[in-house]
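Dumped coords30.csv below, it's CSV, C-alpha atoms and all ligand atoms:
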```csv
chain,number,residue,atom,x,y,z
A,1,MET,CA,-2.9,-30.8,-3.5
A,2,ARG,CA,0.4,-28.9,-3.4
A,3,THR,CA,0.5,-25.7,-1.4
A,4,TYR,CA,1.2,-22.6,-3.3
A,5,PHE,CA,2.5,-19.4,-1.8
A,6,PRO,CA,2.0,-20.5,1.8
A,7,THR,CA,3.1,-17.2,3.4
A,8,ILE,CA,0.4,-15.2,1.6
A,9,PHE,CA,-3.0,-14.9,3.1
A,10,GLY,CA,-6.1,-15.2,0.9
A,11,ASN,CA,-5.9,-14.3,-2.8
A,12,ASP,CA,-6.3,-18.0,-3.7
A,13,PHE,CA,-7.4,-17.4,-7.2
A,14,HIS,CA,-4.2,-15.5,-8.1
A,15,LYS,CA,-2.0,-17.8,-6.1
A,16,ASN,CA,-3.1,-20.9,-8.0
A,17,ARG,CA,-3.1,-19.3,-11.4
A,18,ILE,CA,0.4,-17.8,-10.9
A,19,ALA,CA,1.9,-21.0,-9.4
A,20,GLU,CA,0.6,-23.1,-12.2
A,21,ALA,CA,1.9,-20.7,-14.8
A,22,VAL,CA,5.3,-20.8,-13.1
A,23,LEU,CA,5.4,-24.6,-13.0
A,24,GLU,CA,4.4,-24.8,-16.7
A,25,GLU,CA,6.9,-22.1,-17.6
A,26,ARG,CA,4.2,-19.9,-19.1
A,27,LEU,CA,4.1,-17.0,-16.6
A,28,PRO,CA,3.7,-13.7,-18.6
A,29,HIS,CA,6.9,-11.7,-18.7
A,30,ALA,CA,5.2,-8.8,-17.1
A,31,LEU,CA,2.6,-8.5,-14.3
A,32,LEU,CA,0.8,-5.4,-13.0
A,33,ILE,CA,0.0,-6.0,-9.3
A,34,ASP,CA,-2.6,-3.5,-8.1
A,35,GLY,CA,-3.7,-2.9,-4.5
A,36,PRO,CA,-3.5,-0.3,-1.7
A,37,LYS,CA,-0.4,0.3,0.3
A,38,GLY,CA,0.1,-2.6,2.7
A,39,SER,CA,-2.0,-5.1,0.8
A,40,GLY,CA,0.9,-7.4,0.3
A,41,LYS,CA,2.0,-6.6,-3.2
A,42,MET,CA,5.7,-6.6,-2.4
A,43,THR,CA,5.4,-9.9,-0.5
A,44,LEU,CA,3.6,-11.5,-3.4
A,45,ALA,CA,6.2,-10.2,-5.9
A,46,THR,CA,9.1,-11.5,-3.9
A,47,GLU,CA,7.3,-14.8,-3.4
A,48,ILE,CA,6.8,-15.1,-7.2
A,49,ALA,CA,10.5,-14.3,-7.7
A,50,SER,CA,11.2,-17.2,-5.2
A,51,ALA,CA,8.8,-19.6,-7.0
A,52,LEU,CA,10.6,-18.8,-10.3
A,53,ASN,CA,14.0,-19.5,-8.8
A,54,CYS,CA,13.2,-22.1,-6.2
A,55,GLU,CA,15.5,-25.1,-6.3
A,56,ASN,CA,12.7,-27.4,-5.2
A,57,ARG,CA,10.3,-26.2,-7.8
A,58,ALA,CA,9.8,-29.7,-9.2
A,59,ASP,CA,9.3,-31.4,-5.9
A,60,VAL,CA,5.6,-31.8,-5.5
A,61,THR,CA,5.9,-32.8,-1.9
A,62,ARG,CA,7.0,-29.3,-0.9
A,63,PRO,CA,5.1,-26.0,-1.1
A,64,LEU,CA,6.0,-23.6,-3.9
A,65,PRO,CA,8.1,-21.6,-3.2
A,66,CYS,CA,9.7,-24.0,-0.6
A,67,GLY,CA,11.1,-21.1,1.5
A,68,ARG,CA,14.0,-23.2,2.6
A,69,CYS,CA,16.4,-23.7,-0.4
A,70,ASN,CA,19.3,-21.4,-0.9
A,71,ALA,CA,17.5,-19.3,-3.6
A,72,CYS,CA,14.3,-18.9,-1.5
A,73,ARG,CA,16.3,-17.9,1.5
A,74,ARG,CA,18.5,-15.4,-0.3
A,75,ILE,CA,15.6,-13.8,-2.1
A,76,HIS,CA,13.8,-13.4,1.2
A,77,GLU,CA,16.8,-11.7,2.7
A,78,GLY,CA,17.3,-9.5,-0.3
A,79,GLY,CA,20.7,-11.0,-1.2
A,80,PHE,CA,19.9,-12.6,-4.6
A,81,THR,CA,21.6,-10.7,-7.4
A,82,ASP,CA,19.0,-11.5,-10.0
A,83,VAL,CA,16.1,-10.1,-8.1
A,84,LYS,CA,16.1,-6.3,-8.3
A,85,ILE,CA,13.8,-3.7,-6.9
A,86,LEU,CA,13.4,-0.2,-8.2
A,87,ARG,CA,12.0,2.5,-5.8
A,88,ARG,CA,11.3,6.1,-6.1
A,89,ALA,CA,14.4,8.1,-5.1
A,90,ASP,CA,14.3,9.8,-1.7
A,91,GLY,CA,12.4,13.1,-1.7
A,92,LYS,CA,11.3,12.6,-5.3
A,93,ALA,CA,7.6,12.6,-6.2
A,94,THR,CA,8.1,10.5,-9.3
A,95,ILE,CA,10.1,7.7,-10.9
A,96,GLY,CA,12.1,9.3,-13.7
A,97,VAL,CA,13.2,8.1,-17.1
A,98,SER,CA,16.9,7.8,-16.1
A,99,GLN,CA,16.0,5.3,-13.3
A,100,ILE,CA,14.0,3.2,-15.8
A,101,LYS,CA,16.8,3.3,-18.4
A,102,ASP,CA,19.4,2.0,-15.9
A,103,PHE,CA,17.0,-0.7,-14.9
A,104,ARG,CA,16.3,-1.6,-18.6
A,105,ALA,CA,20.0,-1.8,-19.4
A,106,ASP,CA,20.4,-4.3,-16.6
A,107,MET,CA,17.7,-6.5,-18.0
A,108,TYR,CA,19.8,-7.1,-21.1
A,109,LEU,CA,22.8,-8.3,-19.2
A,110,SER,CA,23.1,-12.0,-18.8
A,111,ALA,CA,21.9,-13.6,-15.5
A,112,THR,CA,24.3,-13.9,-12.6
A,113,GLU,CA,22.4,-16.8,-11.1
A,114,SER,CA,21.0,-19.7,-13.2
A,115,GLY,CA,17.3,-19.0,-13.2
A,116,TYR,CA,15.0,-16.1,-13.9
A,117,LYS,CA,15.9,-12.4,-13.6
A,118,VAL,CA,13.1,-10.6,-11.8
A,119,TYR,CA,12.6,-6.8,-11.8
A,120,ILE,CA,10.2,-5.3,-9.4
A,121,ILE,CA,9.1,-1.6,-9.7
A,122,ASP,CA,7.5,-0.4,-6.5
A,123,GLU,CA,4.9,2.5,-6.8
A,124,ALA,CA,4.9,2.0,-10.6
A,125,GLU,CA,2.0,4.5,-10.8
A,126,LYS,CA,4.6,7.2,-9.9
A,127,MET,CA,6.5,6.6,-13.2
A,128,THR,CA,6.5,9.7,-15.4
A,129,THR,CA,5.1,9.3,-18.9
A,130,GLU,CA,8.6,9.4,-20.3
A,131,ALA,CA,9.7,6.7,-17.8
A,132,GLN,CA,6.7,4.5,-18.8
A,133,ASN,CA,7.5,4.9,-22.5
A,134,ALA,CA,11.1,3.9,-21.8
A,135,LEU,CA,9.8,0.8,-20.0
A,136,LEU,CA,7.4,0.0,-22.9
A,137,ILE,CA,10.3,-0.8,-25.2
A,138,VAL,CA,11.4,-3.6,-23.0
A,139,LEU,CA,7.8,-4.8,-22.5
A,140,GLU,CA,7.3,-5.1,-26.2
A,141,GLU,CA,10.3,-7.3,-26.7
A,142,PRO,CA,11.4,-8.6,-23.3
A,143,PRO,CA,14.8,-10.4,-23.0
A,144,LYS,CA,14.6,-14.1,-22.3
A,145,ASN,CA,14.0,-15.3,-18.7
A,146,VAL,CA,13.2,-11.8,-17.5
A,147,VAL,CA,10.0,-11.2,-15.5
A,148,ILE,CA,9.0,-7.6,-14.7
A,149,MET,CA,6.5,-6.8,-11.9
A,150,LEU,CA,4.9,-3.4,-11.6
A,151,LEU,CA,3.4,-2.8,-8.2
A,152,ALA,CA,0.8,0.0,-8.1
A,153,SER,CA,-1.8,1.5,-5.8
A,154,GLY,CA,-4.3,2.4,-8.5
A,155,THR,CA,-3.5,2.3,-12.2
A,156,ASP,CA,-5.2,5.5,-13.5
A,157,SER,CA,-1.8,7.0,-14.3
A,158,ILE,CA,-0.4,3.9,-16.0
A,159,LEU,CA,-0.5,4.1,-19.8
A,160,THR,CA,-2.9,1.8,-21.6
A,161,THR,CA,0.0,0.6,-23.7
A,162,ILE,CA,1.7,-0.7,-20.5
A,163,LYS,CA,-1.5,-2.2,-19.2
A,164,SER,CA,-2.1,-4.1,-22.4
A,165,ARG,CA,1.3,-5.7,-22.2
A,166,THR,CA,1.0,-6.8,-18.6
A,167,GLN,CA,-1.1,-9.4,-16.8
A,168,TYR,CA,-3.3,-7.7,-14.2
A,169,VAL,CA,-3.4,-9.0,-10.6
A,170,ALA,CA,-5.7,-7.2,-8.1
A,171,MET,CA,-4.9,-7.8,-4.5
A,172,SER,CA,-7.9,-8.5,-2.2
A,173,ARG,CA,-8.9,-6.4,0.7
A,174,PHE,CA,-10.1,-8.3,3.7
A,175,THR,CA,-13.0,-7.6,6.1
A,176,THR,CA,-12.1,-6.7,9.7
A,177,GLU,CA,-13.2,-10.1,10.8
A,178,GLU,CA,-11.0,-11.9,8.2
A,179,LEU,CA,-8.0,-9.8,9.2
A,180,SER,CA,-8.6,-10.5,12.9
A,181,SER,CA,-9.0,-14.2,12.5
A,182,HIS,CA,-5.8,-14.4,10.3
A,183,LEU,CA,-3.8,-12.3,12.8
A,184,ASN,CA,-5.0,-14.5,15.7
A,185,GLU,CA,-3.9,-17.6,13.8
A,186,VAL,CA,-0.4,-16.4,12.9
A,187,SER,CA,0.6,-14.0,15.7
A,188,SER,CA,0.8,-14.5,19.4
A,189,GLU,CA,1.3,-10.7,19.7
A,190,ALA,CA,-2.2,-10.2,18.1
A,191,ARG,CA,-3.7,-12.7,20.5
A,192,SER,CA,-2.1,-11.1,23.4
A,193,LEU,CA,-3.0,-7.5,22.3
A,194,SER,CA,-6.7,-8.3,21.7
A,195,PHE,CA,-6.8,-9.6,25.2
A,196,ARG,CA,-4.8,-7.0,27.1
A,197,ASP,CA,-5.9,-3.9,25.2
A,198,PRO,CA,-9.0,-4.4,23.1
A,199,GLU,CA,-9.3,-0.7,22.2
A,200,ALA,CA,-5.7,-0.6,20.7
A,201,TYR,CA,-6.4,-3.9,18.9
A,202,LYS,CA,-9.6,-2.4,17.4
A,203,ALA,CA,-7.7,0.7,16.3
A,204,LEU,CA,-5.1,-1.5,14.7
A,205,LEU,CA,-7.7,-3.4,12.7
A,206,ILE,CA,-9.4,-0.2,11.6
A,207,SER,CA,-6.1,1.4,10.6
A,208,ALA,CA,-5.1,-1.7,8.6
A,209,ASP,CA,-8.2,-1.0,6.4
A,210,GLY,CA,-8.5,-4.5,5.0
A,211,ARG,CA,-4.7,-4.7,4.2
A,212,ILE,CA,-3.0,-7.7,5.7
A,213,GLY,CA,0.5,-6.3,5.3
A,214,LYS,CA,-0.4,-3.1,7.1
A,215,ALA,CA,-2.0,-5.2,9.9
A,216,MET,CA,1.1,-7.2,10.4
A,217,GLU,CA,3.2,-4.1,10.4
A,218,LEU,CA,1.1,-2.6,13.1
A,219,LEU,CA,1.7,-5.6,15.4
A,220,ASN,CA,5.1,-4.2,15.9
A,221,PRO,CA,4.9,-2.0,19.0
A,222,ARG,CA,7.0,0.9,17.5
A,223,ALA,CA,4.8,1.0,14.4
A,224,ARG,CA,1.7,0.9,16.5
A,225,GLU,CA,3.0,3.7,18.7
A,226,GLU,CA,3.6,5.8,15.5
A,227,ASN,CA,0.1,4.9,14.3
A,228,GLU,CA,-1.4,6.0,17.6
A,229,GLN,CA,0.5,9.2,17.4
A,230,THR,CA,-0.8,9.9,13.9
A,231,ARG,CA,-4.4,9.1,15.0
A,232,ALA,CA,-4.0,11.5,17.9
A,233,GLU,CA,-2.8,14.2,15.4
A,234,ILE,CA,-5.8,13.6,13.2
A,235,MET,CA,-8.2,13.7,16.2
A,236,ALA,CA,-6.7,17.0,17.2
A,237,ILE,CA,-7.5,18.5,13.8
A,238,ILE,CA,-11.0,17.0,13.9
A,239,LYS,CA,-11.6,18.5,17.3
A,240,ALA,CA,-10.6,21.9,16.0
A,241,LEU,CA,-13.0,21.9,13.1
A,242,GLY,CA,-16.0,23.4,14.9
A,243,LYS,CA,-16.7,27.0,13.9
A,244,LYS,CA,-16.4,28.1,17.5
A,245,THR,CA,-13.0,26.7,18.1
A,246,PRO,CA,-10.3,29.4,17.9
A,247,TYR,CA,-8.5,29.4,14.6
A,248,THR,CA,-5.1,29.2,16.4
A,249,GLU,CA,-6.0,25.8,17.6
A,250,LEU,CA,-6.8,24.5,14.1
A,251,TYR,CA,-3.6,26.1,12.8
A,252,ALA,CA,-1.5,24.5,15.5
A,253,ALA,CA,-3.1,21.1,15.0
A,254,ILE,CA,-2.4,21.2,11.2
A,255,GLY,CA,1.1,22.6,11.9
A,256,SER,CA,1.9,19.5,14.0
A,257,LEU,CA,1.5,17.2,11.0
A,258,PRO,CA,4.7,15.7,9.7
A,259,GLN,CA,6.6,18.0,7.3
A,260,LYS,CA,8.0,15.3,5.1
A,261,ARG,CA,6.0,15.1,1.9
A,262,ALA,CA,5.2,11.4,2.0
A,263,GLU,CA,4.3,11.4,5.6
A,264,PHE,CA,2.2,14.6,5.3
A,265,SER,CA,0.3,13.1,2.4
A,266,ALA,CA,-0.3,9.8,4.3
A,267,SER,CA,-1.7,11.9,7.2
A,268,LEU,CA,-4.0,13.8,4.9
A,269,GLU,CA,-5.3,10.5,3.5
A,270,ILE,CA,-6.1,9.4,7.1
A,271,LEU,CA,-7.8,12.8,7.7
A,272,ILE,CA,-9.9,12.2,4.5
A,273,SER,CA,-11.0,8.8,5.9
A,274,ALA,CA,-11.9,10.5,9.2
A,275,LEU,CA,-13.9,13.2,7.5
A,276,GLY,CA,-15.6,10.6,5.4
A,277,ASP,CA,-16.7,8.9,8.7
A,278,LEU,CA,-18.1,12.3,10.0
A,279,ILE,CA,-20.0,12.8,6.8
A,280,SER,CA,-21.5,9.3,6.9
A,281,ALA,CA,-22.4,9.9,10.6
A,282,LYS,CA,-24.4,12.9,9.6
A,283,LYS,CA,-26.1,11.2,6.7
A,284,THR,CA,-27.0,7.7,7.9
A,285,GLU,CA,-27.8,5.8,11.1
A,286,SER,CA,-25.7,2.8,10.4
A,287,PHE,CA,-22.3,2.8,8.7
A,288,SER,CA,-18.9,1.1,9.0
A,289,PRO,CA,-16.4,3.7,10.0
A,290,VAL,CA,-12.9,3.5,8.5
A,291,PHE,CA,-11.2,5.8,11.0
A,292,PHE,CA,-13.3,5.8,14.2
A,293,THR,CA,-13.5,2.6,16.1
A,294,GLU,CA,-17.2,3.0,16.7
A,295,PRO,CA,-19.9,4.9,14.7
A,296,SER,CA,-21.0,6.5,17.9
A,297,SER,CA,-17.7,8.3,18.4
A,298,ALA,CA,-17.9,9.7,14.8
A,299,ARG,CA,-21.4,10.9,15.5
A,300,ASP,CA,-20.3,12.6,18.7
A,301,MET,CA,-17.5,14.4,16.9
A,302,ALA,CA,-19.7,15.5,14.0
A,303,ARG,CA,-22.4,16.9,16.3
A,304,ASP,CA,-21.2,20.5,16.3
A,305,ILE,CA,-20.1,20.7,12.6
A,306,PRO,CA,-22.7,21.3,9.9
A,307,LEU,CA,-22.8,18.8,7.0
A,308,GLN,CA,-22.2,21.5,4.4
A,309,ARG,CA,-19.0,22.6,6.3
A,310,LEU,CA,-17.8,19.0,6.5
A,311,ILE,CA,-18.2,18.5,2.8
A,312,LYS,CA,-16.3,21.7,2.0
A,313,ILE,CA,-13.5,20.7,4.4
A,314,TYR,CA,-13.4,17.2,2.8
A,315,ASP,CA,-12.9,18.9,-0.7
A,316,ILE,CA,-10.2,21.2,0.7
A,317,VAL,CA,-8.2,18.3,2.2
A,318,MET,CA,-8.6,16.3,-1.1
A,319,HIS,CA,-7.3,19.3,-3.0
A,320,THR,CA,-4.3,19.7,-0.7
A,321,CYS,CA,-3.5,16.0,-1.1
A,322,ARG,CA,-3.5,16.3,-4.9
A,323,GLU,CA,-1.4,19.5,-4.8
A,324,CYS,CA,1.2,17.6,-2.7
A,325,GLU,CA,1.4,14.8,-5.2
A,326,LYS,CA,2.2,17.5,-7.7
A,327,ASN,CA,5.2,18.5,-5.6
A,328,ALA,CA,3.7,21.6,-3.9
A,329,ASN,CA,5.6,23.0,-1.0
A,330,VAL,CA,4.4,21.1,2.1
A,331,THR,CA,4.6,24.0,4.6
A,332,LEU,CA,2.8,26.3,2.2
A,333,ALA,CA,0.2,23.7,1.4
A,334,ALA,CA,-0.5,23.1,5.1
A,335,ALA,CA,-0.9,26.9,5.7
A,336,ASN,CA,-3.3,27.2,2.7
A,337,MET,CA,-5.3,24.3,3.9
A,338,ALA,CA,-5.7,25.8,7.4
A,339,SER,CA,-6.9,29.2,6.1
A,340,SER,CA,-9.2,27.6,3.5
A,341,ILE,CA,-10.8,25.5,6.3
A,342,LYS,CA,-11.2,28.6,8.4
A,343,MET,CA,-13.2,30.2,5.7
A,344,ALA,CA,-15.3,27.1,4.8
A,401,ZN,ZN,12.9,-22.8,-2.6
```

Once more with this new file: its structure as structure tokens, please.
Ligand SMILES: [Zn+2]
Amino acid sequence: MRTYFPTIFGNDFHKNRIAEAVLEERLPHALLIDGPKGSGKMTLATEIASALNCENRADVTRPLPCGRCNACRRIHEGGFTDVKILRRADGKATIGVSQIKDFRADMYLSATESGYKVYIIDEAEKMTTEAQNALLIVLEEPPKNVVIMLLASGTDSILTTIKSRTQYVAMSRFTTEELSSHLNEVSSEARSLSFRDPEAYKALLISADGRIGKAMELLNPRAREENEQTRAEIMAIIKALGKKTPYTELYAAIGSLPQKRAEFSASLEILISALGDLISAKKTESFSPVFFTEPSSARDMARDIPLQRLIKIYDIVMHTCRECEKNANVTLAAANMASSIKMA
């Protein structure tokens, strides 16, 4: 059988279905690809763009996409004019209507290359309602040979009218064992790391949280160092949560979180996972931690903090996270979080 999407791990059901649709020229004009950050949505989207434009599409002896022809190579390098990616503007919490209108106008221009024009919207769940309605017009009556892909981490904020006009693709999450065996297969760095620093390797797998893209990213020593740094910052907060710890310590630990909105929110999400582990450790004997590398380390950390307090803190951090999504001032949000935790 012909190999479809060879660079994408797992997700066989979607890969076969999409590849067959591409070959039979019946791929829906809009896809909604849903999965957590780092689950490989962008990789899948660019691979679909390659499959649509691959010069060796009809050659059954090669994989689809072939990855070697001129179109495949240029799409991979980001130099293919008819594959366009729209991202949230720097520092903005949402994707606004003007961005979508520009994108939409481009869809009606004729193709520069010969094949399909592909439009990818990253973090589509961040589109404002107005932006989504602007996009809806083009989804209702799409120009010929245009494929639109919406990438989202959760689709709660996406309008039903958009959902009903797109084909839904959910990216799989993998177990730690699956991730590990795939990493060992494709990466010598993974093999070497698991051997020379098993603890760091375990932390990498835990941080990847079932997401293959995130795991691959963390194999890069710089990314791994940053991740270790974040984990250390979160640990410092966790250590300062006990009622007896001086407030100044908690305040300092929260104050050392990154000040940029996106990074601050990402850190809070990790803190929420860590708090979830502490709560599980209080409640059950056996559980699979998502932040701590072992249940026993979560249990040790949770020992001096009452369950009721942990639950209150969990809610406070969740609340702060939501406020930040709504564009709250990060410094102020961090200060409010610290004083609310103090009183919890
Ligand atoms: Zn190709």

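One finds atom CA of A:Pro28 at 17.9 Å from atom CA of A:Tyr4.
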
* To do: Would you list the contacts of stretch 297-310 of chain A as a PyMOL selection string, taking every protein, DNA or RNA residue within 12 Å and counting all atoms listed in the file, but skipping same-chain residues closer than 4 positions in sequence?
  => chain A and resi 235-245+271-293+314-317+340-344

Contact table chain A vs ligand ZN 401 (chain A), cut-off 7 Å, shortest pair per residue, only C-alpha atoms and all ligand atoms, as CSV:
```
residue,atom,partner,partner_atom,distance
A:Ser50,CA,A:ZN401,ZN,6.4
A:Ala51,CA,A:ZN401,ZN,6.8
A:Cys54,CA,A:ZN401,ZN,3.7
A:Glu55,CA,A:ZN401,ZN,5.1
A:Asn56,CA,A:ZN401,ZN,5.3
A:Arg57,CA,A:ZN401,ZN,6.7
A:Pro65,CA,A:ZN401,ZN,5.0
A:Cys66,CA,A:ZN401,ZN,4.0
A:Gly67,CA,A:ZN401,ZN,4.8
A:Arg68,CA,A:ZN401,ZN,5.3
A:Cys69,CA,A:ZN401,ZN,4.2
A:Asn70,CA,A:ZN401,ZN,6.8
A:Ala71,CA,A:ZN401,ZN,5.9
A:Cys72,CA,A:ZN401,ZN,4.3
```

Would you save the residues of that selection, restricted to C-alpha atoms, as a PDB file, in the frame of the given file?
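Written output follows (part_2.pdb):
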```pdb
ATOM      1  CA  SER A  50      11.200 -17.200  -5.200  1.00  0.00           C
ATOM      2  CA  ALA A  51       8.800 -19.600  -7.000  1.00  0.00           C
ATOM      3  CA  CYS A  54      13.200 -22.100  -6.200  1.00  0.00           C
ATOM      4  CA  GLU A  55      15.500 -25.100  -6.300  1.00  0.00           C
ATOM      5  CA  ASN A  56      12.700 -27.400  -5.200  1.00  0.00           C
ATOM      6  CA  ARG A  57      10.300 -26.200  -7.800  1.00  0.00           C
ATOM      7  CA  PRO A  65       8.100 -21.600  -3.200  1.00  0.00           C
ATOM      8  CA  CYS A  66       9.700 -24.000  -0.600  1.00  0.00           C
ATOM      9  CA  GLY A  67      11.100 -21.100   1.500  1.00  0.00           C
ATOM     10  CA  ARG A  68      14.000 -23.200   2.600  1.00  0.00           C
ATOM     11  CA  CYS A  69      16.400 -23.700  -0.400  1.00  0.00           C
ATOM     12  CA  ASN A  70      19.300 -21.400  -0.900  1.00  0.00           C
ATOM     13  CA  ALA A  71      17.500 -19.300  -3.600  1.00  0.00           C
ATOM     14  CA  CYS A  72      14.300 -18.900  -1.500  1.00  0.00           C
TER      15      CYS A  72
END
```

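Going from atom CA of A:Asn145 to atom CA of A:Tyr116 covers 5.0 Å.
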
ask   = Could you name the residues that touch A:Ser110 at 12 Å or less, counting all atoms listed in the file, but leaving out those on the same chain fewer than 5 positions away, as a list in words?
value =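 The residues satisfying every condition are Thr81, Asp82, Ala105, Gly115, Tyr116, Lys117, Pro143, Lys144, Asn145 and Val146 of chain A.
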
I'd like the interatomic distance between atom CA of A:Lys92 and atom CA of A:Ile234, to a tenth of an Å.
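Distance reported for this atom pair: 25.2 Å.
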
Given all atoms listed in the file as the basis, pick out the residue of A:Ala232, A:Met42, A:Ala335, A:Leu183 nearest to A:Gly210.
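Closest residue, counting all atoms listed in the file: A:Leu183.
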
| field | Who sits within 8 Å of A:Lys37, all atoms listed in the file, same chain under 2 positions skipped, as a VMD selection string | value | chain A and resid 35 39 to 40 153 211 214

Considering all atoms listed in the file, state which residue in the set A:Ile206, A:Met216, A:Val60, A:Leu250 is at the smallest distance from A:Ser188.
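Checking each candidate against A:Ser188, we get A:Met216 as the closest.
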